[in-house]
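**Q** Just so it is clear, I am handing over final28.csv, which has CSV, C-alpha atoms (C1' of nucleotides).
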chain,number,residue,atom,x,y,z
J,248,MET,CA,-35.3,1.0,-53.5
J,249,ASN,CA,-35.3,1.0,-49.7
J,250,TYR,CA,-32.0,2.3,-48.4
J,251,GLU,CA,-33.1,2.7,-44.8
J,252,GLN,CA,-31.6,-0.7,-43.8
J,253,LEU,CA,-28.3,0.5,-45.2
J,254,LYS,CA,-27.9,3.1,-42.4
J,255,LEU,CA,-25.4,2.1,-39.8
J,256,ALA,CA,-27.8,3.0,-37.0
J,257,ASN,CA,-30.3,0.4,-38.3
J,258,GLN,CA,-27.9,-2.5,-38.3
J,259,LEU,CA,-27.4,-4.9,-35.4
J,260,CYS,CA,-24.0,-6.0,-36.7
J,261,PHE,CA,-22.4,-2.6,-36.1
J,262,PRO,CA,-23.0,-2.1,-32.4
J,263,LEU,CA,-21.9,-5.7,-31.9
J,264,TYR,CA,-18.7,-5.1,-33.8
J,265,ALA,CA,-18.0,-1.8,-32.1
J,266,ALA,CA,-18.9,-3.0,-28.6
J,267,SER,CA,-16.6,-6.0,-29.0
J,268,LYS,CA,-13.7,-3.8,-30.0
J,269,ALA,CA,-14.5,-1.3,-27.2
J,270,VAL,CA,-14.5,-4.1,-24.6
J,271,VAL,CA,-11.2,-5.5,-25.8
J,272,ALA,CA,-9.8,-2.0,-25.7
J,273,LYS,CA,-10.9,-1.7,-22.0
J,274,TYR,CA,-9.1,-5.0,-21.2
J,275,THR,CA,-5.9,-4.1,-23.1
J,276,PRO,CA,-4.2,-1.8,-20.5
J,277,HIS,CA,-4.8,-4.4,-17.7
J,278,LEU,CA,-3.6,-7.2,-19.9
J,279,SER,CA,-0.5,-5.4,-21.0
J,280,GLU,CA,0.5,-5.3,-17.4
J,281,ILE,CA,0.8,-9.1,-17.4
J,282,GLY,CA,2.2,-9.2,-20.9
J,283,LEU,CA,-0.8,-10.6,-22.8
J,284,THR,CA,-3.0,-9.5,-25.6
J,285,TYR,CA,-6.7,-10.1,-25.4
J,286,THR,CA,-6.6,-13.2,-27.6
J,287,GLN,CA,-3.7,-14.6,-25.7
J,288,TYR,CA,-5.7,-14.0,-22.5
J,289,ILE,CA,-8.7,-15.9,-23.5
J,290,THR,CA,-6.4,-18.7,-24.9
J,291,MET,CA,-4.8,-18.9,-21.5
J,292,MET,CA,-8.2,-19.0,-19.9
J,293,VAL,CA,-9.1,-22.1,-21.9
J,294,LEU,CA,-5.7,-23.6,-21.2
J,295,TRP,CA,-6.0,-23.1,-17.4
J,296,GLU,CA,-9.2,-25.1,-17.6
J,297,HIS,CA,-8.0,-27.7,-20.1
J,298,THR,CA,-4.4,-28.6,-20.0
J,299,PRO,CA,-3.0,-30.4,-21.8
J,300,VAL,CA,-5.1,-29.9,-24.9
J,301,GLY,CA,-4.7,-30.3,-28.7
J,302,VAL,CA,-4.7,-27.3,-31.0
J,303,LYS,CA,-7.9,-28.4,-32.7
J,304,GLU,CA,-9.9,-28.7,-29.4
J,305,LEU,CA,-8.4,-25.4,-28.3
J,306,GLY,CA,-9.6,-23.8,-31.5
J,307,GLU,CA,-13.1,-25.2,-31.0
J,308,HIS,CA,-13.4,-23.6,-27.5
J,309,LEU,CA,-12.2,-20.2,-28.9
J,310,SER,CA,-13.7,-20.3,-32.4
J,311,LEU,CA,-10.2,-19.8,-33.8
J,312,ASP,CA,-8.4,-21.8,-36.5
J,313,SER,CA,-4.8,-22.9,-36.7
J,314,GLY,CA,-3.8,-20.0,-38.9
J,315,THR,CA,-4.5,-17.8,-35.8
J,316,LEU,CA,-3.5,-20.2,-33.1
J,317,THR,CA,-0.2,-21.6,-34.4
J,318,PRO,CA,1.7,-18.2,-34.3
J,319,LEU,CA,-0.2,-17.2,-31.1
J,320,LEU,CA,0.9,-20.4,-29.3
J,321,LYS,CA,4.5,-19.9,-30.5
J,322,ARG,CA,4.4,-16.5,-28.9
J,323,LEU,CA,3.0,-17.9,-25.7
J,324,GLU,CA,5.7,-20.5,-25.9
J,325,SER,CA,8.5,-18.0,-26.4
J,326,LYS,CA,7.2,-16.2,-23.3
J,327,GLY,CA,7.6,-19.5,-21.4
J,328,LEU,CA,3.9,-19.8,-20.6
J,329,VAL,CA,3.1,-23.0,-22.6
J,330,ARG,CA,4.9,-26.0,-24.1
J,331,ARG,CA,4.0,-27.4,-27.5
J,332,GLU,CA,4.9,-31.0,-28.2
J,333,ARG,CA,3.9,-33.8,-30.6
J,334,PRO,CA,3.2,-37.1,-28.8
J,335,GLY,CA,4.7,-40.2,-30.4
J,336,SER,CA,1.2,-41.7,-30.9
J,337,ASP,CA,0.0,-39.3,-33.6
J,338,GLU,CA,2.6,-37.2,-35.2
J,339,ARG,CA,-0.1,-34.9,-36.7
J,340,THR,CA,-1.3,-33.5,-33.4
J,341,VAL,CA,0.3,-30.9,-31.2
J,342,ILE,CA,-0.4,-31.0,-27.5
J,343,VAL,CA,-0.3,-27.7,-25.6
J,344,THR,CA,0.6,-27.7,-21.9
J,345,VAL,CA,0.7,-24.8,-19.5
J,346,THR,CA,4.1,-24.5,-17.8
J,347,GLU,CA,4.8,-23.5,-14.2
J,348,ALA,CA,5.2,-19.9,-15.3
J,349,GLY,CA,1.9,-20.1,-17.1
J,350,THR,CA,0.2,-21.4,-14.0
J,351,ALA,CA,1.8,-18.7,-11.9
J,352,LEU,CA,0.4,-16.1,-14.2
J,353,LYS,CA,-3.1,-17.3,-13.3
J,354,ARG,CA,-2.9,-15.5,-10.0
J,355,HIS,CA,-2.4,-12.2,-11.7
J,356,ALA,CA,-4.9,-12.8,-14.4
J,357,ALA,CA,-7.6,-13.6,-11.7
J,358,LEU,CA,-7.5,-9.9,-10.7
J,359,ILE,CA,-8.5,-8.7,-14.1
J,360,PRO,CA,-12.2,-9.6,-14.1
J,361,GLN,CA,-12.5,-7.7,-10.8
J,362,LYS,CA,-10.8,-4.7,-12.3
J,363,MET,CA,-13.1,-4.8,-15.3
J,364,ALA,CA,-16.3,-5.1,-13.4
J,365,PRO,CA,-16.7,-1.4,-12.7
J,366,CYS,CA,-16.1,-0.6,-16.4
J,367,MET,CA,-19.1,-2.6,-17.4
J,368,PRO,CA,-22.0,-0.1,-17.0
J,369,LEU,CA,-24.8,-2.7,-16.9
J,370,SER,CA,-26.8,-4.0,-14.0
J,371,LYS,CA,-26.6,-7.7,-13.1
J,372,ASP,CA,-30.0,-8.2,-14.9
J,373,GLU,CA,-28.9,-6.4,-18.0
J,374,ALA,CA,-25.6,-8.2,-18.2
J,375,GLY,CA,-27.5,-11.5,-17.8
J,376,THR,CA,-29.9,-10.6,-20.6
J,377,LEU,CA,-27.1,-9.6,-22.8
J,378,TYR,CA,-25.1,-12.7,-22.0
J,379,ALA,CA,-28.1,-14.9,-22.8
J,380,LEU,CA,-28.9,-13.1,-26.1
J,381,LEU,CA,-25.3,-13.3,-27.3
J,382,TYR,CA,-25.1,-17.0,-26.6
J,383,LYS,CA,-28.5,-17.6,-28.3
J,384,LEU,CA,-27.2,-15.7,-31.4
J,385,LEU,CA,-23.9,-17.7,-31.3
J,386,ASP,CA,-25.5,-21.1,-30.8
J,387,GLU,CA,-28.1,-20.7,-33.5
J,388,MET,CA,-25.6,-19.2,-36.0
J,389,ARG,CA,-23.5,-22.3,-35.5
J,390,ASN,CA,-26.4,-24.5,-36.6
J,391,THR,CA,-27.1,-22.7,-39.8
M,256,MET,CA,-8.1,-17.3,-4.7
M,257,ASN,CA,-11.4,-17.3,-6.6
M,258,TYR,CA,-10.7,-18.6,-10.1
M,259,GLU,CA,-14.4,-19.0,-11.1
M,260,GLN,CA,-14.4,-15.6,-12.9
M,261,LEU,CA,-11.5,-16.8,-15.0
M,262,LYS,CA,-13.6,-19.4,-16.8
M,263,LEU,CA,-14.5,-18.4,-20.3
M,264,ALA,CA,-18.2,-19.3,-19.7
M,265,ASN,CA,-18.4,-16.7,-16.9
M,266,GLN,CA,-17.2,-13.8,-18.9
M,267,LEU,CA,-19.4,-11.4,-20.8
M,268,CYS,CA,-16.5,-10.3,-23.1
M,269,PHE,CA,-16.1,-13.7,-24.8
M,270,PRO,CA,-19.6,-14.2,-26.2
M,271,LEU,CA,-19.4,-10.5,-27.4
M,272,TYR,CA,-16.1,-11.2,-29.1
M,273,ALA,CA,-17.2,-14.5,-30.6
M,274,ALA,CA,-20.6,-13.3,-31.7
M,275,SER,CA,-19.1,-10.3,-33.4
M,276,LYS,CA,-16.7,-12.5,-35.3
M,277,ALA,CA,-19.5,-15.0,-36.2
M,278,VAL,CA,-21.7,-12.2,-37.5
M,279,VAL,CA,-18.9,-10.8,-39.7
M,280,ALA,CA,-18.3,-14.3,-40.9
M,281,LYS,CA,-22.0,-14.6,-42.0
M,282,TYR,CA,-21.7,-11.3,-43.9
M,283,THR,CA,-18.4,-12.3,-45.6
M,284,PRO,CA,-19.8,-14.5,-48.5
M,285,HIS,CA,-22.4,-11.9,-49.4
M,286,LEU,CA,-19.9,-9.1,-49.2
M,287,SER,CA,-17.3,-10.9,-51.3
M,288,GLU,CA,-19.9,-11.0,-54.1
M,289,ILE,CA,-19.7,-7.2,-54.3
M,290,GLY,CA,-16.0,-7.2,-53.6
M,291,LEU,CA,-16.0,-5.7,-50.1
M,292,THR,CA,-14.7,-6.8,-46.7
M,293,TYR,CA,-16.9,-6.2,-43.7
M,294,THR,CA,-15.0,-3.1,-42.6
M,295,GLN,CA,-15.1,-1.7,-46.1
M,296,TYR,CA,-18.8,-2.3,-46.2
M,297,ILE,CA,-19.6,-0.4,-43.0
M,298,THR,CA,-17.2,2.4,-44.2
M,299,MET,CA,-19.2,2.6,-47.5
M,300,MET,CA,-22.4,2.7,-45.4
M,301,VAL,CA,-21.1,5.8,-43.6
M,302,LEU,CA,-19.9,7.3,-46.8
M,303,TRP,CA,-23.3,6.8,-48.6
M,304,GLU,CA,-24.9,8.8,-45.8
M,305,HIS,CA,-22.1,11.4,-45.4
M,306,THR,CA,-20.3,12.3,-48.6
M,307,PRO,CA,-18.0,14.1,-48.8
M,308,VAL,CA,-16.5,13.6,-45.4
M,309,GLY,CA,-13.1,14.0,-43.7
M,310,VAL,CA,-11.1,11.1,-42.5
M,311,LYS,CA,-11.4,12.2,-38.9
M,312,GLU,CA,-15.2,12.4,-38.9
M,313,LEU,CA,-15.4,9.1,-40.8
M,314,GLY,CA,-13.3,7.5,-38.1
M,315,GLU,CA,-15.6,8.9,-35.4
M,316,HIS,CA,-18.6,7.3,-37.0
M,317,LEU,CA,-16.8,3.9,-37.2
M,318,SER,CA,-14.6,4.0,-34.1
M,319,LEU,CA,-11.6,3.5,-36.3
M,320,ASP,CA,-8.4,5.5,-36.5
M,321,SER,CA,-6.3,6.7,-39.4
M,322,GLY,CA,-3.9,3.7,-39.1
M,323,THR,CA,-6.8,1.5,-40.2
M,324,LEU,CA,-8.7,4.0,-42.4
M,325,THR,CA,-5.8,5.3,-44.5
M,326,PRO,CA,-4.9,2.0,-46.2
M,327,LEU,CA,-8.5,0.9,-46.3
M,328,LEU,CA,-9.5,4.1,-48.1
M,329,LYS,CA,-6.7,3.6,-50.5
M,330,ARG,CA,-8.0,0.2,-51.3
M,331,LEU,CA,-11.5,1.6,-51.9
M,332,GLU,CA,-9.9,4.2,-54.1
M,333,SER,CA,-8.0,1.7,-56.1
M,334,LYS,CA,-11.4,-0.1,-56.7
M,335,GLY,CA,-12.7,3.2,-58.0
M,336,LEU,CA,-15.4,3.5,-55.3
M,337,VAL,CA,-14.1,6.7,-53.6
M,338,ARG,CA,-11.9,9.7,-54.3
M,339,ARG,CA,-9.4,11.1,-51.8
M,340,GLU,CA,-8.4,14.7,-52.2
M,341,ARG,CA,-6.9,17.5,-50.1
M,342,PRO,CA,-8.7,20.8,-50.4
M,343,GLY,CA,-6.6,23.8,-50.9
M,344,SER,CA,-7.9,25.4,-47.7
M,345,ASP,CA,-6.2,23.0,-45.3
M,346,GLU,CA,-3.5,20.7,-46.6
M,347,ARG,CA,-3.7,18.5,-43.5
M,348,THR,CA,-7.2,17.3,-44.2
M,349,VAL,CA,-8.3,14.6,-46.7
M,350,ILE,CA,-11.8,14.7,-48.0
M,351,VAL,CA,-13.3,11.4,-49.1
M,352,THR,CA,-16.0,11.4,-51.8
M,353,VAL,CA,-18.1,8.5,-53.2
M,354,THR,CA,-17.7,8.2,-56.9
M,355,GLU,CA,-20.4,7.2,-59.4
M,356,ALA,CA,-19.2,3.6,-59.2
M,357,GLY,CA,-19.4,3.8,-55.4
M,358,THR,CA,-23.0,5.1,-55.7
M,359,ALA,CA,-23.9,2.4,-58.1
M,360,LEU,CA,-22.6,-0.2,-55.6
M,361,LYS,CA,-25.3,1.0,-53.2
M,362,ARG,CA,-28.0,-0.8,-55.1
M,363,HIS,CA,-26.3,-4.2,-54.7
M,364,ALA,CA,-25.3,-3.5,-51.1
M,365,ALA,CA,-29.0,-2.7,-50.2
M,366,LEU,CA,-29.8,-6.4,-50.8
M,367,ILE,CA,-27.4,-7.6,-48.1
M,368,PRO,CA,-29.4,-6.6,-45.0
M,369,GLN,CA,-32.3,-8.6,-46.5
M,370,LYS,CA,-30.2,-11.6,-47.2
M,371,MET,CA,-28.8,-11.5,-43.6
M,372,ALA,CA,-32.2,-11.2,-41.9
M,373,PRO,CA,-33.0,-14.9,-41.9
M,374,CYS,CA,-29.5,-15.6,-40.5
M,375,MET,CA,-30.3,-13.7,-37.4
M,376,PRO,CA,-32.1,-16.1,-35.2
M,377,LEU,CA,-33.7,-13.6,-32.9
M,378,SER,CA,-37.2,-12.3,-32.6
M,379,LYS,CA,-37.8,-8.6,-33.2
M,380,ASP,CA,-38.1,-8.0,-29.5
M,381,GLU,CA,-34.9,-9.9,-28.7
M,382,ALA,CA,-33.0,-8.0,-31.5
M,383,GLY,CA,-34.3,-4.7,-30.1
M,384,THR,CA,-33.2,-5.6,-26.6
M,385,LEU,CA,-29.8,-6.7,-27.8
M,386,TYR,CA,-29.5,-3.5,-29.8
M,387,ALA,CA,-30.4,-1.3,-26.9
M,388,LEU,CA,-28.0,-3.1,-24.5
M,389,LEU,CA,-25.1,-2.9,-26.9
M,390,TYR,CA,-25.6,0.8,-27.5
M,391,LYS,CA,-25.8,1.3,-23.7
M,392,LEU,CA,-22.6,-0.5,-23.2
M,393,LEU,CA,-21.0,1.4,-26.1
M,394,ASP,CA,-22.2,4.8,-25.0
M,395,GLU,CA,-21.3,4.4,-21.4
M,396,MET,CA,-17.9,3.0,-22.1
M,397,ARG,CA,-17.1,6.0,-24.2
M,398,ASN,CA,-17.7,8.2,-21.2
M,399,THR,CA,-15.3,6.5,-18.9
D,134,DC,C1',4.1,39.2,-34.7
D,135,DG,C1',6.3,34.9,-32.8
D,136,DC,C1',6.2,30.7,-30.7
D,137,DA,C1',4.0,26.8,-28.5
D,138,DA,C1',0.1,23.8,-28.5
D,139,DT,C1',-3.1,21.5,-31.2
D,140,DT,C1',-5.1,19.2,-35.1
D,141,DT,C1',-4.8,16.1,-38.9
D,142,DG,C1',-3.4,12.3,-41.7
D,143,DA,C1',0.4,9.2,-42.8
D,144,DT,C1',3.7,5.7,-41.5
D,145,DT,C1',5.6,1.8,-39.0
D,146,DG,C1',5.5,-2.3,-36.3
D,147,DT,C1',3.0,-6.0,-33.9
D,148,DG,C1',-0.7,-9.1,-33.6
D,149,DC,C1',-4.7,-11.1,-34.9
D,150,DG,C1',-8.3,-13.4,-38.2
D,151,DC,C1',-9.4,-16.2,-41.8
D,152,DA,C1',-9.3,-18.5,-46.6
D,153,DA,C1',-6.7,-21.5,-49.2
D,154,DT,C1',-3.1,-24.6,-49.8
D,155,DT,C1',0.2,-28.1,-48.3
D,156,DA,C1',2.1,-32.0,-46.0
D,157,DA,C1',2.1,-35.8,-43.1
D,158,DA,C1',-0.3,-39.3,-40.7
D,159,DT,C1',-4.3,-42.1,-39.8
D,160,DT,C1',-8.5,-44.5,-41.0
D,161,DA,C1',-11.7,-46.6,-44.0
D,162,DT,C1',-12.8,-49.3,-47.8
D,163,DA,C1',-12.6,-52.2,-51.7
T,201,DT,C1',-3.0,-55.0,-48.2
T,202,DA,C1',-3.2,-51.2,-51.4
T,203,DT,C1',-5.1,-46.9,-51.9
T,204,DA,C1',-8.4,-43.4,-51.4
T,205,DA,C1',-10.5,-40.3,-48.1
T,206,DT,C1',-10.0,-38.0,-43.9
T,207,DT,C1',-7.8,-35.7,-40.1
T,208,DT,C1',-4.6,-32.5,-38.3
T,209,DA,C1',-1.2,-28.6,-38.1
T,210,DA,C1',1.5,-25.6,-40.5
T,211,DT,C1',2.2,-22.1,-44.0
T,212,DT,C1',1.1,-18.3,-47.0
T,213,DG,C1',-1.1,-14.2,-48.2
T,214,DC,C1',-4.2,-10.4,-47.5
T,215,DG,C1',-6.7,-7.2,-44.7
T,216,DC,C1',-7.8,-5.2,-40.6
T,217,DA,C1',-6.8,-3.0,-35.8
T,218,DC,C1',-4.3,-0.1,-32.9
T,219,DA,C1',-0.3,2.0,-30.4
T,220,DA,C1',3.4,5.0,-31.2
T,221,DT,C1',5.6,8.3,-33.8
T,222,DC,C1',6.2,11.8,-37.3
T,223,DA,C1',5.4,15.8,-40.3
T,224,DA,C1',2.9,19.5,-41.8
T,225,DA,C1',-0.4,23.0,-41.1
T,226,DT,C1',-3.4,25.8,-38.2
T,227,DT,C1',-4.7,28.0,-34.0
T,228,DG,C1',-4.1,30.4,-29.7
T,229,DC,C1',-1.9,33.3,-26.7
T,230,DG,C1',1.1,36.7,-24.8
Translate this structure into structure tokens?

**A**
Amino acid sequence: MNYEQLKLANQLCFPLYAASKAVVAKYTPHLSEIGLTYTQYITMMVLWEHTPVGVKELGEHLSLDSGTLTPLLKRLESKGLVRRERPGSDERTVIVTVTEAGTALKRHAALIPQKMAPCMPLSKDEAGTLYALLYKLLDEMRNT
Amino acid sequence: MNYEQLKLANQLCFPLYAASKAVVAKYTPHLSEIGLTYTQYITMMVLWEHTPVGVKELGEHLSLDSGTLTPLLKRLESKGLVRRERPGSDERTVIVTVTEAGTALKRHAALIPQKMAPCMPLSKDEAGTLYALLYKLLDEMRNT
DNA sequence: CGCAATTTGATTGTGCGCAATTAAATTATA
DNA sequence: TATAATTTAATTGCGCACAATCAAATTGCG
């Protein structure tokens, strides 16, 4: 039997998994300065663009389900960054709204992409290629 | 202030994070057939290449620390796939060895890369480019 | 030798991440 | 209009993932 494919170095999944963790680790010290985890950060990024928004739509943007989002949103709520409320119209849905404190945080968060840029040791071209390949992988995996 | 960079679509970290999760999700049904999680799978891959091995060296291959590996290895041990033992020479170290059952599992695991290949909607060239860029990102982030 | 620094794995605590289940409400259908 | 199917969050349980701390053993240095 051919065991070559079983070597870590011959797998595409492993560098993907390791690079993702490494990038999150690079963000972490900057994010902890503003009191967010990485997942909370990307959640706030969606919320800054789309507020108010339902939990389901939020999860679609982030590829996260309610099992992850419900406790995460409660933590953001306890920090005063968002509000969770059920509208009278449909008691099943929860609408998440960014508070004033959440909006104020956006100014600090906006500095993070700039701080991260020098940590990304890829040229503009390389980053563009990587970005396109990752989205191609993502989009086509969704459809299968 | 420029908030363009704060949009999810303008960040490289997010497709990396989402693609990594999506690929792990693709592996999961195949892996559950042989009773492994994704992290257990890549751990066994390292062990099949390097047995016996200390926990520290194992963690270096996987970019995982003992807080993750210790309970994970205990679960692999409880499944009978590995043995954990302290050699008399240095009581601090733990040596992990693949058992016969662990070796037998390799035959089943070897089928998984083949099952996954059609799920990866990238040409050989694209996969090669992605692989190279991810390792470049990984290697250079390690050195900074 | 004697003591400090280092190495190594284990432990604890917090926070994802997801599958499976549940419960409540709405919508579709006979 | 009943009632079945669907939609939507929440809950539960398990397994990572990592920071911080601890304890034990080894190594290095004066």

**Q** Determine, using only C-alpha atoms (C1' of nucleotides), which residues of chain J have any atom at most 10 Å from an atom of chain T, and tabulate each with its shortest atom pair and distance in Å to one decimal place, rows ordered by chain and then rising number, as JSON lines.

**A**
{"residue": "J:Lys268", "atom": "CA", "partner": "T:DA217", "partner_atom": "C1'", "distance": 9.0}
{"residue": "J:Ala272", "atom": "CA", "partner": "T:DC218", "partner_atom": "C1'", "distance": 9.3}
{"residue": "J:Gly301", "atom": "CA", "partner": "T:DT208", "partner_atom": "C1'", "distance": 9.8}
{"residue": "J:Val302", "atom": "CA", "partner": "T:DA209", "partner_atom": "C1'", "distance": 8.0}
{"residue": "J:Lys303", "atom": "CA", "partner": "T:DT208", "partner_atom": "C1'", "distance": 7.7}
{"residue": "J:Ser313", "atom": "CA", "partner": "T:DA209", "partner_atom": "C1'", "distance": 6.9}
{"residue": "J:Gly314", "atom": "CA", "partner": "T:DA210", "partner_atom": "C1'", "distance": 7.9}
{"residue": "J:Thr317", "atom": "CA", "partner": "T:DA210", "partner_atom": "C1'", "distance": 7.5}
{"residue": "J:Pro318", "atom": "CA", "partner": "T:DA210", "partner_atom": "C1'", "distance": 9.7}
{"residue": "J:Asp337", "atom": "CA", "partner": "T:DT208", "partner_atom": "C1'", "distance": 9.5}
{"residue": "J:Glu338", "atom": "CA", "partner": "T:DT208", "partner_atom": "C1'", "distance": 9.1}
{"residue": "J:Arg339", "atom": "CA", "partner": "T:DT208", "partner_atom": "C1'", "distance": 5.3}
{"residue": "J:Thr340", "atom": "CA", "partner": "T:DT208", "partner_atom": "C1'", "distance": 6.0}
{"residue": "J:Val341", "atom": "CA", "partner": "T:DA209", "partner_atom": "C1'", "distance": 7.4}

**Q** Using only C-alpha atoms (C1' of nucleotides), which residues sit within 9 Å of DC151 in chain D once same-chain residues fewer than 5 positions away are excluded, as a list in words?

**A**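 Skipping anything fewer than 5 positions along the chain leaves Leu311, Asp312, Gly314 and Thr315 of chain J.
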
**Q** Can you tell me how far C1' of DT155 in chain D sits from CA of Ile342 in chain J, in Å to one decimal?

**A**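 Computing it gives 21.0 Å between the two atoms.
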
**Q** Using only C-alpha atoms (C1' of nucleotides), which of M:Asn265, M:Thr283, M:Thr306, M:Asn257 sits nearest chain D?

**A**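 Checking each candidate against chain D, we get M:Thr283 as the closest.
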
**Q** Quick one: of D:DT154, D:DT147, D:DT141, D:DT160, who's nearest to chain M, counting only C-alpha atoms (C1' of nucleotides)?

**A**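 Closest to chain M of all the choices is D:DT141.
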
**Q** Can you build me a table of chain D residues sitting at most 10 Å from chain M, with the closest atom pair per residue and its distance in Å to one decimal, using all atoms listed in the file, sorted by chain and residue number, as CSV?

**A**
residue,atom,partner,partner_atom,distance
D:DT140,C1',M:Arg347,CA,8.5
D:DT141,C1',M:Arg347,CA,5.3
D:DG142,C1',M:Arg347,CA,6.5
D:DA143,C1',M:Thr325,CA,7.5
D:DT144,C1',M:Gly322,CA,8.2
D:DT145,C1',M:Gly322,CA,9.7
D:DG150,C1',M:Lys276,CA,8.9
D:DC151,C1',M:Ala280,CA,9.1

**Q** What's the separation between CA of Ile289 in chain J and CA of Gly383 in chain M, in Å to one decimal place?

**A**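 Spanning CA of Ile289 in chain J to CA of Gly383 in chain M is a straight-line distance of 28.7 Å.
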
**Q** With all atoms listed in the file counted and 8 Å as the cut-off, give the residues of chain M in contact with chain J, each with its shortest interatomic distance in Å and the pair that gives it, as CSV.

**A**
residue,atom,partner,partner_atom,distance
M:Met256,CA,J:Arg354,CA,7.6
M:Asn257,CA,J:Ala357,CA,7.4
M:Tyr258,CA,J:Ala357,CA,6.1
M:Gln260,CA,J:Pro360,CA,6.5
M:Leu261,CA,J:Ala357,CA,6.0
M:Lys262,CA,J:Met292,CA,6.2
M:Leu263,CA,J:Met292,CA,6.3
M:Leu267,CA,J:Tyr378,CA,6.0
M:Cys268,CA,J:Val270,CA,6.7
M:Phe269,CA,J:Ile289,CA,7.8
M:Pro270,CA,J:Leu381,CA,5.9
M:Leu271,CA,J:Ser267,CA,5.5
M:Tyr272,CA,J:Ser267,CA,5.2
M:Ala273,CA,J:Ser310,CA,7.0
M:Ala274,CA,J:Leu385,CA,5.5
M:Ser275,CA,J:Tyr264,CA,5.2
M:Lys276,CA,J:Tyr264,CA,7.8
M:Ala277,CA,J:Leu385,CA,7.1
M:Val278,CA,J:Cys260,CA,6.7
M:Val279,CA,J:Cys260,CA,7.6
M:Ile297,CA,J:Leu255,CA,7.1
M:Met300,CA,J:Lys254,CA,6.3
M:Val301,CA,J:Leu255,CA,6.8
M:Glu304,CA,J:Lys254,CA,7.3
M:Leu317,CA,J:Ala265,CA,7.7
M:Ser318,CA,J:Ala265,CA,7.0
M:Arg362,CA,J:Met248,CA,7.7
M:Ala364,CA,J:Leu253,CA,7.7
M:Ala365,CA,J:Leu253,CA,6.0
M:Pro368,CA,J:Gln252,CA,6.4
M:Cys374,CA,J:Met388,CA,7.0
M:Met375,CA,J:Leu384,CA,7.0
M:Pro376,CA,J:Leu384,CA,6.2
M:Leu377,CA,J:Leu384,CA,7.0
M:Glu381,CA,J:Leu380,CA,7.3
M:Ala382,CA,J:Leu259,CA,7.5
M:Leu385,CA,J:Leu377,CA,6.4
M:Tyr386,CA,J:Leu259,CA,6.1
M:Leu388,CA,J:Leu377,CA,6.8
M:Leu389,CA,J:Pro262,CA,5.9
M:Tyr390,CA,J:Pro262,CA,6.3
M:Lys391,CA,J:Pro368,CA,7.8
M:Leu392,CA,J:Pro368,CA,6.2
M:Leu393,CA,J:Ala266,CA,5.5
M:Glu395,CA,J:Pro368,CA,6.3
M:Met396,CA,J:Cys366,CA,7.0
M:Thr399,CA,J:Cys366,CA,7.6

**Q** What is the distance, in Å and to one decimal place, between CA of Gly282 in chain J and CA of Gly327 in chain J?

**A**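 Straight-line distance from CA of Gly282 in chain J to CA of Gly327 in chain J works out to 11.6 Å.
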
**Q** Report as a list in words all protein, DNA and RNA residues lying within 6 Å of Thr344 in chain J, evaluated on all atoms listed in the file, omitting residues in the same chain fewer than 2 positions from it.

**A**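 Here the answer would be Thr298, Pro299, Val329 and Arg330 of chain J.
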